[in-house]
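The data block below is target-v8.cif; it holds mmCIF, C-alpha atoms, pLDDT in the B column; chains and numbers go by the auth columns.
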```
data_start
#
loop_
_atom_site.group_PDB
_atom_site.id
_atom_site.type_symbol
_atom_site.label_atom_id
_atom_site.label_comp_id
_atom_site.label_asym_id
_atom_site.label_seq_id
_atom_site.Cartn_x
_atom_site.Cartn_y
_atom_site.Cartn_z
_atom_site.B_iso_or_equiv
_atom_site.auth_seq_id
_atom_site.auth_asym_id
ATOM 1 C CA MET A 1 93.976 -3.400 163.641 73.00 138 Q
ATOM 2 C CA ALA A 2 96.645 -2.014 161.299 91.00 139 Q
ATOM 3 C CA ARG A 3 98.964 -4.537 159.720 97.00 140 Q
ATOM 4 C CA PRO A 4 102.648 -4.552 160.687 98.00 141 Q
ATOM 5 C CA VAL A 5 104.756 -2.566 158.238 98.00 142 Q
ATOM 6 C CA VAL A 6 107.484 -4.467 156.390 98.00 143 Q
ATOM 7 C CA GLY A 7 110.088 -2.383 154.606 98.00 144 Q
ATOM 8 C CA ILE A 8 111.120 -4.038 151.359 98.00 145 Q
ATOM 9 C CA VAL A 9 114.685 -3.063 150.530 97.00 146 Q
ATOM 10 C CA GLY A 10 114.465 -1.890 146.935 91.00 147 Q
ATOM 11 C CA ASN A 11 116.940 -1.707 144.083 92.00 148 Q
ATOM 12 C CA THR A 12 117.919 1.208 141.873 91.00 149 Q
ATOM 13 C CA SER A 13 117.023 0.487 138.274 88.00 150 Q
ATOM 14 C CA LEU A 14 116.200 2.082 134.932 89.00 151 Q
ATOM 15 C CA LEU A 15 112.703 1.993 133.476 91.00 152 Q
ATOM 16 C CA ASN A 16 112.789 1.737 129.685 93.00 153 Q
ATOM 17 C CA ASP A 17 116.591 1.951 129.916 89.00 154 Q
ATOM 18 C CA GLN A 18 116.515 5.651 130.811 93.00 155 Q
ATOM 19 C CA TYR A 19 114.192 6.570 133.697 94.00 156 Q
ATOM 20 C CA PRO A 20 115.772 6.007 137.167 92.00 157 Q
ATOM 21 C CA ILE A 21 113.511 4.239 139.656 93.00 158 Q
ATOM 22 C CA HIS A 22 113.568 2.549 143.047 93.00 159 Q
ATOM 23 C CA ALA A 23 111.815 -0.780 142.638 92.00 160 Q
ATOM 24 C CA ALA A 24 111.006 -4.178 144.115 94.00 161 Q
ATOM 25 C CA GLY A 25 109.459 -7.184 142.388 94.00 162 Q
ATOM 26 C CA THR A 26 105.729 -7.636 142.752 97.00 163 Q
ATOM 27 C CA MET A 27 106.324 -11.192 143.971 97.00 164 Q
ATOM 28 C CA ASN A 28 107.988 -9.632 147.051 98.00 165 Q
ATOM 29 C CA THR A 29 105.083 -7.316 147.809 98.00 166 Q
ATOM 30 C CA ILE A 30 102.569 -10.123 147.219 98.00 167 Q
ATOM 31 C CA ALA A 31 104.420 -12.483 149.576 98.00 168 Q
ATOM 32 C CA VAL A 32 104.626 -9.829 152.303 98.00 169 Q
ATOM 33 C CA ALA A 33 100.985 -8.770 151.966 98.00 170 Q
ATOM 34 C CA GLN A 34 99.269 -12.084 151.322 98.00 171 Q
ATOM 35 C CA VAL A 35 101.453 -14.610 153.155 98.00 172 Q
ATOM 36 C CA SER A 36 103.171 -12.626 155.904 98.00 173 Q
ATOM 37 C CA GLY A 37 100.002 -10.583 156.457 98.00 174 Q
ATOM 38 C CA CYS A 38 101.920 -7.306 156.556 98.00 175 Q
ATOM 39 C CA LEU A 39 101.774 -3.931 154.826 98.00 176 Q
ATOM 40 C CA PRO A 40 104.532 -3.844 152.165 98.00 177 Q
ATOM 41 C CA LEU A 41 106.485 -0.591 151.900 98.00 178 Q
ATOM 42 C CA ILE A 42 109.203 -0.309 149.239 97.00 179 Q
ATOM 43 C CA ILE A 43 112.310 1.426 150.584 96.00 180 Q
ATOM 44 C CA PRO A 44 114.371 3.723 148.341 96.00 181 Q
ATOM 45 C CA SER A 45 117.749 2.326 149.343 94.00 182 Q
ATOM 46 C CA ASP A 46 119.803 5.488 149.255 96.00 183 Q
ATOM 47 C CA PRO A 47 121.350 7.149 152.334 96.00 184 Q
ATOM 48 C CA SER A 48 120.766 10.581 150.786 97.00 185 Q
ATOM 49 C CA LEU A 49 117.019 9.902 150.988 97.00 186 Q
ATOM 50 C CA VAL A 50 116.494 7.740 154.077 97.00 187 Q
ATOM 51 C CA SER A 51 118.439 6.812 157.191 98.00 188 Q
ATOM 52 C CA VAL A 52 118.675 3.517 159.029 98.00 189 Q
ATOM 53 C CA GLU A 53 117.308 5.200 162.139 98.00 190 Q
ATOM 54 C CA GLU A 54 114.206 6.444 160.293 98.00 191 Q
ATOM 55 C CA LEU A 55 113.577 3.020 158.797 98.00 192 Q
ATOM 56 C CA LEU A 56 113.856 1.293 162.158 98.00 193 Q
ATOM 57 C CA GLU A 57 111.222 3.615 163.608 97.00 194 Q
ATOM 58 C CA THR A 58 108.905 3.429 160.594 97.00 195 Q
ATOM 59 C CA CYS A 59 108.919 -0.313 159.896 98.00 196 Q
ATOM 60 C CA ASP A 60 108.290 -3.376 162.045 98.00 197 Q
ATOM 61 C CA GLY A 61 110.394 -5.738 159.923 98.00 198 Q
ATOM 62 C CA PHE A 62 112.435 -5.803 156.738 98.00 199 Q
ATOM 63 C CA LEU A 63 112.627 -7.980 153.651 98.00 200 Q
ATOM 64 C CA LEU A 64 116.131 -7.876 152.155 98.00 201 Q
ATOM 65 C CA THR A 65 115.384 -8.756 148.551 97.00 202 Q
ATOM 66 C CA GLY A 66 117.435 -10.155 145.729 94.00 203 Q
ATOM 67 C CA GLY A 67 118.962 -7.883 143.114 89.00 204 Q
ATOM 68 C CA ARG A 68 121.318 -7.971 140.158 86.00 205 Q
ATOM 69 C CA PRO A 69 124.026 -5.701 141.671 91.00 206 Q
ATOM 70 C CA ASN A 70 126.301 -7.445 144.175 94.00 207 Q
ATOM 71 C CA VAL A 71 127.605 -6.262 147.533 97.00 208 Q
ATOM 72 C CA HIS A 72 130.820 -4.382 146.814 97.00 209 Q
ATOM 73 C CA PRO A 73 133.825 -6.501 147.904 97.00 210 Q
ATOM 74 C CA GLU A 74 135.367 -3.500 149.652 97.00 211 Q
ATOM 75 C CA GLU A 75 132.679 -4.095 152.277 97.00 212 Q
ATOM 76 C CA TYR A 76 134.510 -7.310 153.209 97.00 213 Q
ATOM 77 C CA GLY A 77 138.055 -6.151 152.560 96.00 214 Q
ATOM 78 C CA GLU A 78 138.669 -7.437 149.032 95.00 215 Q
ATOM 79 C CA PRO A 79 139.351 -5.625 145.746 93.00 216 Q
ATOM 80 C CA ALA A 80 136.719 -5.507 143.031 92.00 217 Q
ATOM 81 C CA THR A 81 137.264 -7.637 139.933 89.00 218 Q
ATOM 82 C CA GLU A 82 135.301 -8.156 136.731 85.00 219 Q
ATOM 83 C CA ALA A 83 133.916 -11.384 138.220 85.00 220 Q
ATOM 84 C CA HIS A 84 132.166 -9.394 140.958 89.00 221 Q
ATOM 85 C CA GLY A 85 129.770 -7.883 138.411 85.00 222 Q
ATOM 86 C CA THR A 86 127.876 -4.647 139.019 89.00 223 Q
ATOM 87 C CA PHE A 87 127.346 -2.839 142.320 93.00 224 Q
ATOM 88 C CA ASP A 88 124.873 -0.629 144.163 94.00 225 Q
ATOM 89 C CA ARG A 89 126.849 1.260 146.786 95.00 226 Q
ATOM 90 C CA ALA A 90 123.792 3.211 147.922 96.00 227 Q
ATOM 91 C CA ARG A 91 121.999 -0.027 148.807 96.00 228 Q
ATOM 92 C CA ASP A 92 125.151 -1.282 150.538 97.00 229 Q
ATOM 93 C CA ALA A 93 125.157 1.859 152.675 97.00 230 Q
ATOM 94 C CA ILE A 94 121.588 1.252 153.840 97.00 231 Q
ATOM 95 C CA ALA A 95 121.256 -2.524 153.981 98.00 232 Q
ATOM 96 C CA LEU A 96 124.435 -3.467 155.846 98.00 233 Q
ATOM 97 C CA GLY A 97 123.887 -1.008 158.675 98.00 234 Q
ATOM 98 C CA LEU A 98 120.215 -1.960 158.790 98.00 235 Q
ATOM 99 C CA VAL A 99 121.080 -5.630 159.316 98.00 236 Q
ATOM 100 C CA ARG A 100 123.463 -4.845 162.169 98.00 237 Q
ATOM 101 C CA ALA A 101 120.947 -2.541 163.845 98.00 238 Q
ATOM 102 C CA CYS A 102 118.153 -5.115 163.569 98.00 239 Q
ATOM 103 C CA VAL A 103 120.339 -7.821 165.089 98.00 240 Q
ATOM 104 C CA GLU A 104 121.138 -5.570 168.037 98.00 241 Q
ATOM 105 C CA ARG A 105 117.532 -4.442 168.565 97.00 242 Q
ATOM 106 C CA GLY A 106 115.879 -7.797 167.931 98.00 243 Q
ATOM 107 C CA GLN A 107 113.885 -6.298 165.042 98.00 244 Q
ATOM 108 C CA PRO A 108 112.997 -8.972 162.465 98.00 245 Q
ATOM 109 C CA PHE A 109 114.405 -9.242 158.958 98.00 246 Q
ATOM 110 C CA PHE A 110 114.239 -11.915 156.267 98.00 247 Q
ATOM 111 C CA GLY A 111 117.113 -12.081 153.778 98.00 248 Q
ATOM 112 C CA VAL A 112 116.669 -13.432 150.235 98.00 249 Q
ATOM 113 C CA CYS A 113 119.479 -14.059 147.710 96.00 250 Q
ATOM 114 C CA ARG A 114 121.437 -10.772 147.689 96.00 251 Q
ATOM 115 C CA GLY A 115 119.801 -10.153 151.069 97.00 252 Q
ATOM 116 C CA PHE A 116 121.310 -13.438 152.287 98.00 253 Q
ATOM 117 C CA GLN A 117 124.714 -12.212 151.152 97.00 254 Q
ATOM 118 C CA GLU A 118 124.155 -8.820 152.802 98.00 255 Q
ATOM 119 C CA VAL A 119 123.474 -10.506 156.124 98.00 256 Q
ATOM 120 C CA ASN A 120 126.737 -12.429 155.949 98.00 257 Q
ATOM 121 C CA VAL A 121 128.782 -9.379 154.927 98.00 258 Q
ATOM 122 C CA ALA A 122 127.125 -7.135 157.519 98.00 259 Q
ATOM 123 C CA MET A 123 128.102 -9.644 160.202 98.00 260 Q
ATOM 124 C CA GLY A 124 131.745 -9.869 159.121 98.00 261 Q
ATOM 125 C CA GLY A 125 131.650 -12.587 156.438 98.00 262 Q
ATOM 126 C CA THR A 126 133.019 -12.751 152.893 98.00 263 Q
ATOM 127 C CA LEU A 127 131.715 -13.889 149.498 97.00 264 Q
ATOM 128 C CA TYR A 128 132.898 -15.817 146.468 96.00 265 Q
ATOM 129 C CA PRO A 129 132.320 -13.746 143.314 93.00 266 Q
ATOM 130 C CA GLU A 130 131.305 -16.735 141.180 91.00 267 Q
ATOM 131 C CA ILE A 131 130.188 -20.056 142.681 92.00 268 Q
ATOM 132 C CA ARG A 132 130.137 -21.962 139.377 90.00 269 Q
ATOM 133 C CA GLU A 133 133.902 -21.473 138.953 89.00 270 Q
ATOM 134 C CA LEU A 134 134.690 -23.393 142.158 90.00 271 Q
ATOM 135 C CA PRO A 135 135.663 -27.082 141.838 92.00 272 Q
ATOM 136 C CA GLY A 136 132.712 -29.395 142.410 92.00 273 Q
ATOM 137 C CA ARG A 137 130.085 -26.635 142.457 94.00 274 Q
ATOM 138 C CA MET A 138 127.057 -26.508 140.203 90.00 275 Q
ATOM 139 C CA ASN A 139 125.859 -23.474 138.271 88.00 276 Q
ATOM 140 C CA HIS A 140 123.386 -21.736 140.584 88.00 277 Q
ATOM 141 C CA ARG A 141 122.575 -18.892 138.175 89.00 278 Q
ATOM 142 C CA MET A 142 119.161 -18.176 136.668 85.00 279 Q
ATOM 143 C CA PRO A 143 118.750 -19.843 133.259 83.00 280 Q
ATOM 144 C CA PRO A 144 119.088 -17.164 130.556 83.00 281 Q
ATOM 145 C CA ASP A 145 116.099 -18.441 128.577 85.00 282 Q
ATOM 146 C CA GLY A 146 112.631 -19.767 129.262 88.00 283 Q
ATOM 147 C CA THR A 147 109.430 -18.598 130.940 93.00 284 Q
ATOM 148 C CA MET A 148 109.325 -17.201 134.458 91.00 285 Q
ATOM 149 C CA GLU A 149 108.019 -20.564 135.639 93.00 286 Q
ATOM 150 C CA GLN A 150 111.000 -22.302 134.076 91.00 287 Q
ATOM 151 C CA LYS A 151 113.495 -19.806 135.502 90.00 288 Q
ATOM 152 C CA PHE A 152 112.088 -20.133 139.018 92.00 289 Q
ATOM 153 C CA GLU A 153 111.499 -23.892 138.964 92.00 290 Q
ATOM 154 C CA LEU A 154 112.843 -26.030 141.813 93.00 291 Q
ATOM 155 C CA ARG A 155 116.280 -27.343 140.836 92.00 292 Q
ATOM 156 C CA HIS A 156 118.200 -28.556 143.885 94.00 293 Q
ATOM 157 C CA ASP A 157 117.782 -29.796 147.446 96.00 294 Q
ATOM 158 C CA VAL A 158 118.849 -27.986 150.599 98.00 295 Q
ATOM 159 C CA THR A 159 119.677 -30.145 153.626 98.00 296 Q
ATOM 160 C CA PHE A 160 119.320 -28.564 157.069 98.00 297 Q
ATOM 161 C CA THR A 161 121.015 -29.257 160.379 98.00 298 Q
ATOM 162 C CA GLN A 162 119.070 -32.036 162.096 97.00 299 Q
ATOM 163 C CA GLY A 163 116.984 -30.391 164.803 97.00 300 Q
ATOM 164 C CA GLY A 164 118.177 -26.936 163.747 97.00 301 Q
ATOM 165 C CA LEU A 165 116.167 -23.756 163.322 98.00 302 Q
ATOM 166 C CA PHE A 166 115.242 -24.257 159.653 98.00 303 Q
ATOM 167 C CA HIS A 167 114.360 -27.899 160.328 98.00 304 Q
ATOM 168 C CA GLU A 168 111.996 -26.675 163.027 98.00 305 Q
ATOM 169 C CA VAL A 169 110.425 -23.903 160.927 98.00 306 Q
ATOM 170 C CA LEU A 170 109.916 -26.038 157.831 98.00 307 Q
ATOM 171 C CA GLY A 171 109.247 -29.350 159.544 97.00 308 Q
ATOM 172 C CA ALA A 172 111.636 -31.244 157.258 97.00 309 Q
ATOM 173 C CA PRO A 173 115.376 -32.001 157.212 97.00 310 Q
ATOM 174 C CA LYS A 174 115.568 -31.503 153.430 98.00 311 Q
ATOM 175 C CA VAL A 175 113.591 -29.365 150.967 98.00 312 Q
ATOM 176 C CA ARG A 176 113.581 -28.659 147.230 97.00 313 Q
ATOM 177 C CA THR A 177 114.361 -25.074 146.200 96.00 314 Q
ATOM 178 C CA ASN A 178 115.005 -22.853 143.189 95.00 315 Q
ATOM 179 C CA THR A 179 118.430 -21.308 142.566 88.00 316 Q
ATOM 180 C CA LEU A 180 119.148 -17.978 140.870 90.00 317 Q
ATOM 181 C CA HIS A 181 122.430 -16.634 142.225 91.00 318 Q
ATOM 182 C CA GLY A 182 126.029 -16.284 141.127 91.00 319 Q
ATOM 183 C CA GLN A 183 127.775 -15.410 144.394 94.00 320 Q
ATOM 184 C CA GLY A 184 127.832 -17.281 147.685 95.00 321 Q
ATOM 185 C CA ILE A 185 129.354 -17.402 151.136 98.00 322 Q
ATOM 186 C CA LYS A 186 133.121 -17.817 151.257 98.00 323 Q
ATOM 187 C CA ALA A 187 133.649 -17.348 154.990 98.00 324 Q
ATOM 188 C CA ALA A 188 130.723 -16.996 157.373 98.00 325 Q
ATOM 189 C CA GLY A 189 130.694 -14.084 159.794 98.00 326 Q
ATOM 190 C CA PRO A 190 131.574 -14.952 163.410 98.00 327 Q
ATOM 191 C CA ARG A 191 127.913 -15.115 164.492 98.00 328 Q
ATOM 192 C CA VAL A 192 126.491 -16.427 161.204 98.00 329 Q
ATOM 193 C CA VAL A 193 125.176 -19.969 161.588 98.00 330 Q
ATOM 194 C CA ILE A 194 125.062 -21.905 158.324 98.00 331 Q
ATOM 195 C CA ASP A 195 122.024 -24.102 158.867 98.00 332 Q
ATOM 196 C CA GLY A 196 121.498 -25.499 155.358 98.00 333 Q
ATOM 197 C CA PHE A 197 123.592 -26.543 152.362 98.00 334 Q
ATOM 198 C CA ALA A 198 122.923 -27.325 148.717 97.00 335 Q
ATOM 199 C CA GLU A 199 124.007 -30.688 147.336 95.00 336 Q
ATOM 200 C CA ASP A 200 127.344 -29.229 146.187 95.00 337 Q
ATOM 201 C CA GLY A 201 128.194 -27.759 149.598 96.00 338 Q
ATOM 202 C CA THR A 202 127.043 -24.200 148.881 97.00 339 Q
ATOM 203 C CA PRO A 203 125.565 -22.517 151.998 98.00 340 Q
ATOM 204 C CA GLU A 204 121.869 -21.830 151.433 98.00 341 Q
ATOM 205 C CA ALA A 205 120.284 -21.069 154.825 98.00 342 Q
ATOM 206 C CA ILE A 206 121.640 -18.953 157.693 98.00 343 Q
ATOM 207 C CA TYR A 207 120.646 -17.154 160.866 98.00 344 Q
ATOM 208 C CA ILE A 208 122.475 -15.086 163.482 98.00 345 Q
ATOM 209 C CA LYS A 209 123.608 -16.858 166.646 98.00 346 Q
ATOM 210 C CA ASP A 210 122.096 -15.539 169.891 97.00 347 Q
ATOM 211 C CA ALA A 211 120.174 -12.779 168.112 97.00 348 Q
ATOM 212 C CA PRO A 212 116.995 -11.828 170.011 96.00 349 Q
ATOM 213 C CA GLY A 213 114.856 -11.533 166.868 97.00 350 Q
ATOM 214 C CA PHE A 214 114.027 -13.236 163.570 98.00 351 Q
ATOM 215 C CA THR A 215 117.214 -13.270 161.440 98.00 352 Q
ATOM 216 C CA LEU A 216 116.607 -16.000 158.870 98.00 353 Q
ATOM 217 C CA ALA A 217 118.074 -15.658 155.375 98.00 354 Q
ATOM 218 C CA VAL A 218 118.085 -17.990 152.387 98.00 355 Q
ATOM 219 C CA GLN A 219 120.099 -18.078 149.175 97.00 356 Q
ATOM 220 C CA TRP A 220 117.134 -19.171 147.061 97.00 357 Q
ATOM 221 C CA HIS A 221 113.963 -17.198 146.139 97.00 358 Q
ATOM 222 C CA PRO A 222 111.030 -18.177 148.371 97.00 359 Q
ATOM 223 C CA GLU A 223 109.003 -15.156 147.226 98.00 360 Q
ATOM 224 C CA TRP A 224 108.204 -17.028 144.008 96.00 361 Q
ATOM 225 C CA ASP A 225 104.708 -18.566 144.419 96.00 362 Q
ATOM 226 C CA ALA A 226 105.034 -18.047 148.166 97.00 363 Q
ATOM 227 C CA GLY A 227 101.361 -18.600 148.831 96.00 364 Q
ATOM 228 C CA ASN A 228 101.381 -22.106 147.370 96.00 365 Q
ATOM 229 C CA ASP A 229 104.919 -23.409 147.814 97.00 366 Q
ATOM 230 C CA PRO A 230 105.185 -25.613 150.949 96.00 367 Q
ATOM 231 C CA VAL A 231 108.711 -24.342 151.668 97.00 368 Q
ATOM 232 C CA SER A 232 108.099 -20.656 150.999 98.00 369 Q
ATOM 233 C CA ARG A 233 104.829 -20.285 152.848 98.00 370 Q
ATOM 234 C CA PRO A 234 106.017 -21.206 156.374 98.00 371 Q
ATOM 235 C CA LEU A 235 109.059 -18.942 156.018 98.00 372 Q
ATOM 236 C CA PHE A 236 106.937 -15.909 155.168 98.00 373 Q
ATOM 237 C CA GLU A 237 104.331 -16.851 157.768 98.00 374 Q
ATOM 238 C CA ARG A 238 106.962 -17.069 160.511 98.00 375 Q
ATOM 239 C CA PHE A 239 108.487 -13.783 159.362 98.00 376 Q
ATOM 240 C CA GLY A 240 105.050 -12.138 159.431 98.00 377 Q
ATOM 241 C CA ALA A 241 104.448 -13.422 162.961 98.00 378 Q
ATOM 242 C CA ALA A 242 107.775 -11.917 164.047 98.00 379 Q
ATOM 243 C CA ALA A 243 106.854 -8.552 162.490 98.00 380 Q
ATOM 244 C CA GLN A 244 103.466 -8.692 164.242 98.00 381 Q
ATOM 245 C CA ALA A 245 105.147 -9.405 167.577 97.00 382 Q
ATOM 246 C CA TRP A 246 107.472 -6.423 167.067 98.00 383 Q
ATOM 247 C CA ALA A 247 104.530 -4.172 166.181 97.00 384 Q
ATOM 248 C CA ASP A 248 102.621 -5.350 169.259 95.00 385 Q
ATOM 249 C CA SER A 249 105.574 -4.697 171.553 91.00 386 Q
ATOM 250 C CA LYS A 250 106.074 -1.228 170.005 89.00 387 Q
ATOM 251 C CA HIS A 251 102.397 -0.462 170.610 86.00 388 Q
ATOM 252 C CA GLN A 252 102.691 -1.522 174.241 86.00 389 Q
ATOM 253 C CA ARG A 253 105.768 0.665 174.726 85.00 390 Q
ATOM 254 C CA MET A 254 103.874 3.644 173.294 82.00 391 Q
ATOM 255 C CA LEU A 255 100.930 3.038 175.635 81.00 392 Q
ATOM 256 C CA LYS A 256 103.217 2.875 178.661 83.00 393 Q
ATOM 257 C CA SER A 257 104.971 6.092 177.735 81.00 394 Q
ATOM 258 C CA ALA A 258 101.710 7.952 177.029 71.00 395 Q
#
```

If you took the structure in this file and wrote it as structure tokens, what would it be?
Amino acid sequence: MARPVVGIVGNTSLLNDQYPIHAAGTMNTIAVAQVSGCLPLIIPSDPSLVSVEELLETCDGFLLTGGRPNVHPEEYGEPATEAHGTFDRARDAIALGLVRACVERGQPFFGVCRGFQEVNVAMGGTLYPEIRELPGRMNHRMPPDGTMEQKFELRHDVTFTQGGLFHEVLGAPKVRTNTLHGQGIKAAGPRVVIDGFAEDGTPEAIYIKDAPGFTLAVQWHPEWDAGNDPVSRPLFERFGAAAQAWADSKHQRMLKSA
């Protein structure tokens, strides 16, 4: 049987500082293929190339990946400042509408880092441009130096709501995670449930209230060593099961209409 197709929301980048590409990290494709058990398909996140409607029909689920550019603050009604960093308006145009459509349809998505922030903004929330400048907050950014292992090492705990969704999925009220982000949730969207916090009060785990499908998103990077990490693996496994269920239901609908 064919694997469910997971669209990996890609980023626009430059190869060798001059050749434009649409790309996604190999750790994302490995996690989707080897842990979620799905067929990874990198999406060129540009509304001049693809539409939300086409993506919804082509894919069974979506991985909203991390990325250096931030969601443009105009998307949540605030002016851009130097602290907001760089932007990717083409990705904004695809990802935000895709989140809202998936919530309505019950089609699964898994948000990671920037993807976590996209989910909040798509559902009416706002973001802080720089978490480390807030009183009492730690620096959540990726260390500028060191090996990949050192940059992605586990550096802080996330505590979940007792008996909440993340507690149920991960089987623990508190887990150790990595942290590689500058922005974070300022105000949660009306239906965004903050289900986990870092030690300094930064929201780190969310889902959408009363959504019919899988809508989990995390502020850390579970795609790193997803096959071995005891926190990452169950998240990608549960996401893969949701994508499989969507694919199965789509297949049944096609058989009935044949």

Taking into account all atoms listed in the file, which residue in the set Q:Leu200, Q:Val330, Q:Leu176, Q:Leu233 is nearest to Phe246 in chain Q?
-> Q:Leu200

Pick from Q:Val368, Q:Leu302, Q:Ala379, Q:Met275 nearest to Lys346 in chain Q, counting only C-alpha atoms = Q:Leu302

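Using all atoms listed in the file, the nearest neighbour of Gly273 in chain Q within the list Q:Val306, Q:Ala168, Q:Ala335, Q:Ala348 is Q:Ala335.
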
Neighbour residues at most 8 Å from (130.6, -16.4, 161.1) (only C-alpha atoms) as an NGL selection string = :Q and (257 or 260-262 or 324-330)

For the file shown, report as JSON, numbers by chain the outcome of the PyMOL selection byres ((chain Q and resi 173) around 6) at residue level.
-> {"Q": [169, 170, 172, 174, 175, 373, 374, 377]}

One-decimal distance in Å that lies between CA of His388 in chain Q and CA of Gly147 in chain Q |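 Distance between the two atoms: 26.6 Å.
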
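Closest approach to Asn207 in chain Q among Q:Pro141, Q:Ser188, Q:Arg237, Q:Gln320 is made by Q:Gln320 (distances from all atoms listed in the file).
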
Kindly indicate which residue among Q:Arg390, Q:Thr149, Q:Gly319, Q:Gly350 lies nearest to Leu271 in chain Q, using only C-alpha atoms for the distances.
->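 Between Q:Arg390, Q:Thr149, Q:Gly319, Q:Gly350, the residue approaching Leu271 in chain Q most closely is Q:Gly319.
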
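This file, queried with the PyMOL selection byres ((chain Q and resi 161) around 9), gives the residues Q:Ile145, Q:Val146, Q:Gly147, Q:Asn148, Q:His159, Q:Ala160, Q:Gly162, Q:Thr163, Q:Met164, Q:Asn165, Q:Thr166, Q:Ile179, Q:Ile180, Q:Thr202, Q:Gly203, Q:Gly204.
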
Please write as an MDAnalysis selection string the full residue list that the PyMOL selection byres ((chain Q and resi 277-292) around 12) yields on this file.
-> chainID Q and resid 164 205 250 267:271 274:276 293:295 312:321 335:341 356:363 366:369

Between Q:Arg140, Q:Leu151, Q:Val208, Q:Val355, which has the minimum distance to Pro177 in chain Q (counting only C-alpha atoms)?
->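 Checking each of Q:Arg140, Q:Leu151, Q:Val208, Q:Val355 against Pro177 in chain Q, counting only C-alpha atoms, the winner is Q:Arg140.
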
Computed interatomic separation between CA of Arg375 in chain Q and CA of Gly252 in chain Q (Å) |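 Computed distance, CA of Arg375 in chain Q to CA of Gly252 in chain Q, equals 17.4 Å.
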
Mind giving me the straight-line distance from CA of Ile231 in chain Q to CA of Gly144 in chain Q in Å, one decimal?
->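 Separating CA of Ile231 in chain Q from CA of Gly144 in chain Q is a distance of 12.1 Å.
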
Within 10 Å of Glu215 in chain Q, counting only C-alpha atoms, which residues show up once you throw out same-chain ones fewer than 4 positions away? Write them as JSON, numbers by chain, please.
-> {"Q": [209, 210, 211, 263, 264]}

So that I can see what lies close to range 190-194 of chain Q, please list as a short mmCIF file (atom, residue, chain, number, x, y, z; two decimals) with C-alpha atoms, in the coordinates of the input the residues with an atom at most 10 Å from it, counting all atoms listed in the file and leaving out residues fewer than 5 positions away in the same chain.
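Output file selection.cif follows:
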```cif
data_model
loop_
_atom_site.label_atom_id
_atom_site.label_comp_id
_atom_site.auth_asym_id
_atom_site.auth_seq_id
_atom_site.Cartn_x
_atom_site.Cartn_y
_atom_site.Cartn_z
CA VAL Q 143 107.48 -4.47 156.39
CA GLY Q 144 110.09 -2.38 154.61
CA ILE Q 180 112.31 1.43 150.58
CA PHE Q 199 112.44 -5.80 156.74
CA ILE Q 231 121.59 1.25 153.84
CA GLY Q 234 123.89 -1.01 158.68
CA LEU Q 235 120.22 -1.96 158.79
CA ALA Q 238 120.95 -2.54 163.84
CA CYS Q 239 118.15 -5.12 163.57
CA ARG Q 242 117.53 -4.44 168.56
CA GLN Q 244 113.88 -6.30 165.04
CA LYS Q 387 106.07 -1.23 170.00
#
```
